[in-house]
Structures are given as C-alpha cells and as structure tokens.
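Quick notes on the structure that follows.
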Amino acid sequence: MAIQLGRCIVVVSLLALISPLCMGGGYGGYQGGHGGYQGGYQGGYLYPQFYDKSCPKAKEIVQSMVAQAVAREARMAASLLRLHFHDCFVKGCDASVLLDSSKNIISEKGSNPNKNSLRGFEVIDEIKATLEKVCPQTISCADIVTLAARDSTVLAGGPYWEVPLGRRDSLGASISGSNHNIPAPNDTLPTIITKFKLQHLDLVDLVALSGSHTIGLSRCTSFRQRLYNQTGNGLADSTLEESFAAQLRGGCPRSGGDNNLFPLDRVSPTKFDNLYYKNIFYGKGLLSSDQILFTKSPDTMALVKLYAENEKLFLEQFAKSMVKMGNISPLTGYNGEVRKNCRFVN
C-alpha cells in the first residue's frame, strides 16, 4: 500500500497494517482473546479502521488535540513520541506507563528512565477526557498514545503512516521492566541491540527508530559522562568532536545543572529530518547511545551513512519500524480493559 507523504511516498504492506495477533508469542503475539469488543469486529487483530463505526471522529480528535499541544510547546512532539517508546518497551504497547501508583501498582513513572524525564501525560489525559465525552469507554489509552506518536511525528515534518488500532489497556505496570528494558544513554551497543531484539526489533529498526532523536531535548545528566570521564580515565569521549564538546561543557558542568537541556539535533531541533545521522557522521551525536551507532559496529555505521545520504529512505523505514514497534505484545479481545481514566485501572 502506497501512502502519499508530501515529500515522499512511504510503502507499508497490508500485512504490517492489519496485524494478526495469532502468530504465537513475542511482538504481535496471540494474547488469548475471545473476540472483539465495542471498538470493532471480532478477532485478535489490530487494523486502522478499528474505531470507524464505534467512534468515527476519534482519530480526528486526537490529531487536533496533539496539534494544539505542539503549538503550545514545540518540544511536546518529541515528548509524545518518546512516551510511546517507553510504553511499548515495557510489557508491550498497553499504556502501562500512564498508570499512577496505587494500592496494587507501583508506577513506571518512578523508574530511572522516566523519573523527572518522561513528559506528555497531561496531553494524553486531555485527549482521553474529550474522547470519553464523545465515545465513552471506547478508545483505549494505548491507542491514544500510539496515535499521538504518529501525529507528533507528522507535525514535526516527519512521515505519515496508518496506525493499526484495537489495543487494550493493561491492568498493571512494571517498574522493574521499565528499569531494565528501556535502552539507556550510556548502554553499550551490544546491550542496546539485545534490548531491541527482546522486542523482536532488528538492527535496521534500531538505527531507524534512533532517528527519532532528530527532535527533542536531553538533560545534561544524560551525557555528562561523555564530557568529563567517559571511560573512567578522567578524559572526554574521544569520538566527540572537540569544538562540540567544548560547547556542551559550557552548559553542562562537572557537577550541578543536571536538568539543563540541550537539543538532540543541534542543527534542526524541532524538524523531523535526517540531520541526526549527519551529526553522528561528524562526531556530533549528543548521547553516547547515538554516537556508538557510528563507531562500534560496521553494520550500524553503514545504516547511519545510508540514512545521512538518503532522507527519503530514512523516513520510509522509520514509518515501517514505528508500525512494527506499535505491534509489540498488544492486549486484544477481552484481555485488559479500556480505561475511563488513563492514570488508573477501572
């Protein structure tokens, strides 16, 4: 299926868009559902038309409210995209990341990757509240997060893709999974590759999805080690371009300033393009986890070069990999629930 994107045409197969959940285990694996619910037809499938009859204006409402949020704060596009990543890498794309702590739940919001860092919860709350007025207990929080990530990408100038829908919301959270499954800025490349493989995402997905760092900001604490003591010898990361390192040290001191913010893509921080890969090519990747894509593996280096040279190819692959990531272990049928409030189980 060809989808016109303005700058490019993204080709996403129907097999990727209509995601059968009866293939056994892993991402997109069968979840034991016994049929549909108020959203769509019977069967354990994700497909873009899931809410077309039960809430035909759902996608329009999400898109409009995400646009309003990004208009208020351009950074929100990256925040909503990251929220989707951090949800899917823990227990699948089931909105577990949105749950607050309660009697039986320890929230993932307090994990090391998320604490004082993950954002966009209030935007999802606003969207959910609006949808509850229009179509009560019909649109899952998991699908709202997934749609918001796509819409944020498009608003920043990135590719459009059809989002398979029909996810249900989890009944619990996993702070342990959040602490251990989400790739960290200082992880080694083998560790990052392993974390992606656990989600059935391959090397191409890893490098393409890392391109989401073409937008957004990062805290000083996430890359300070590179500036002062990368390998424990008191020296800066040798793969970091010297003038860029000096610039970063000006706003990220040895101590203090943990929450000082820096653009992940210093050239076009609010535009979804391929300059992230060009920055890496010249030693100007902000995070260690960005730069090692170029320095620690000939396979990932080749992909960085490819996407740096061919923006159209990057955008096409990013869309495909986002559909694939959005299919990680969704709850379907009668598994999970459709929450009334994204912060609490019903």
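A note on labels: chains of the structure tokens are A, B, ... as shown, every chain counts residues from 1, and ligands are counted from 1 in their shown order.
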
Restrict the calculation to only C-alpha atoms, then for each residue of region 60-167 of chain A with any atom at most 10 Å from an atom of region 242-263 of chain A give the closest atom pair and their distance in Å to one decimal, rows by chain and rising residue number, as a Markdown table.
| residue | atom | partner | partner_atom | distance |
| --- | --- | --- | --- | --- |
| A:Arg75 | CA | A:Pro263 | CA | 9.9 |
| A:Asn116 | CA | A:Asn259 | CA | 8.9 |
| A:Ser117 | CA | A:Asn259 | CA | 9.1 |

* For Arg167 (chain A), list every protein, DNA or RNA residue within 8 Å, evaluated using only C-alpha atoms, and leave out those in the same chain fewer than 2 positions away; present the list as a PyMOL selection string. => chain A and resi 46+93-94+140+142-143+165+169+330-332

* **DSSP strand (DSSP E) selection over region 13-221 of chain A, as a PyMOL selection string** => chain A and resi 19-20+45-46+217-219

* Asked: So which residues touch Leu80 (chain A) within 7 Å, counting only C-alpha atoms, skipping near sequence neighbours fewer than 4 positions away, as a list of chain:residue names?
  ->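 The neighbour list is A:Met76, A:His84, A:Gly120, A:Ala148, A:Ala149, A:Ser152.
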
* Quick one: pull the distance between CA of His200 (chain A) and CA of His86 (chain A), Å, one decimal. => 15.4 Å

* To do: Can you work out which one of A:Val123, A:Leu313, A:Ala302, A:Ile139 has the shortest atom-to-atom distance to Asp52 (chain A), counting only C-alpha atoms?
  => A:Ile139

* To do: Give me the residues within 9 Å of Asn179 (chain A) as an NGL selection string, counting only C-alpha atoms and dropping any in the same chain fewer than 5 places off.
  => :A and (108 or 111-114 or 174)

* **A:Leu198, A:Tyr277, A:Gly211, A:Lys324 ranked by distance to Lys305 (chain A), top pick (using only C-alpha atoms)** =>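 When distances to Lys305 (chain A) are compared using only C-alpha atoms, the smallest one comes from A:Tyr277.
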
Against region 218-230 of chain A, which residues of region 157-191 of chain A fall within 9 Å? For each one I want the closest pair of atoms and the distance in Å (one decimal), counting only C-alpha atoms, rows by chain and increasing residue number, as CSV.
residue,atom,partner,partner_atom,distance
A:Ala184,CA,A:Ser222,CA,8.6
A:Pro185,CA,A:Ser222,CA,6.2
A:Asn186,CA,A:Phe223,CA,7.8

Could you take the residues named above and write them with N, CA and C atoms, as a CSV table (one decimal), in the first residue's frame?
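Produced file again30.csv, reproduced below:
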chain,number,residue,atom,x,y,z
A,184,ALA,N,19.3,2.8,27.6
A,184,ALA,CA,19.8,3.9,28.4
A,184,ALA,C,20.9,4.6,27.6
A,185,PRO,N,21.1,5.9,27.8
A,185,PRO,CA,22.0,6.7,27.0
A,185,PRO,C,23.5,6.2,27.1
A,186,ASN,N,23.8,5.5,28.2
A,186,ASN,CA,25.2,5.1,28.3
A,186,ASN,C,25.3,3.5,28.2

* **region 12-215 of chain A: residues DSSP assigns to helix (DSSP H, G or I), reported as a PyMOL selection string** => chain A and resi 14-17+58-72+76-88+96-98+108-110+121-134+141-155+175-181+189-197+203-214

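Proximity ranking of A:Val134, A:Leu189, A:Val323, A:Gly110 relative to Pro298 (chain A) places A:Leu189 first, based on only C-alpha atoms.
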
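Of the listed residues A:Arg150, A:Lys195, A:Arg168, A:Lys103, the one whose atoms come nearest to Glu337 (chain A) is A:Arg168, with distances taken using only C-alpha atoms.
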
* Would you kindly return, as a VMD selection string, each protein, DNA or RNA residue with an atom no farther than 10 Å from any atom of Ser210 (chain A), considering only C-alpha atoms and excluding same-chain residues fewer than 3 positions away? => chain A and resid 204 to 207 213 to 214 276 to 277 289 to 290 293 318

* Which of these residues is nearest to Pro164 (chain A), using only C-alpha atoms: A:Asn346, A:Asn327, A:Arg339, A:Asp265? ->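 Between A:Asn346, A:Asn327, A:Arg339, A:Asp265, the residue approaching Pro164 (chain A) most closely is A:Asn327.
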
* To do: Just give me the gap between CA of Gly158 (chain A) and CA of Tyr282 (chain A) in Å, one decimal is fine.
  =>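 Separation of CA of Gly158 (chain A) and CA of Tyr282 (chain A): 22.7 Å.
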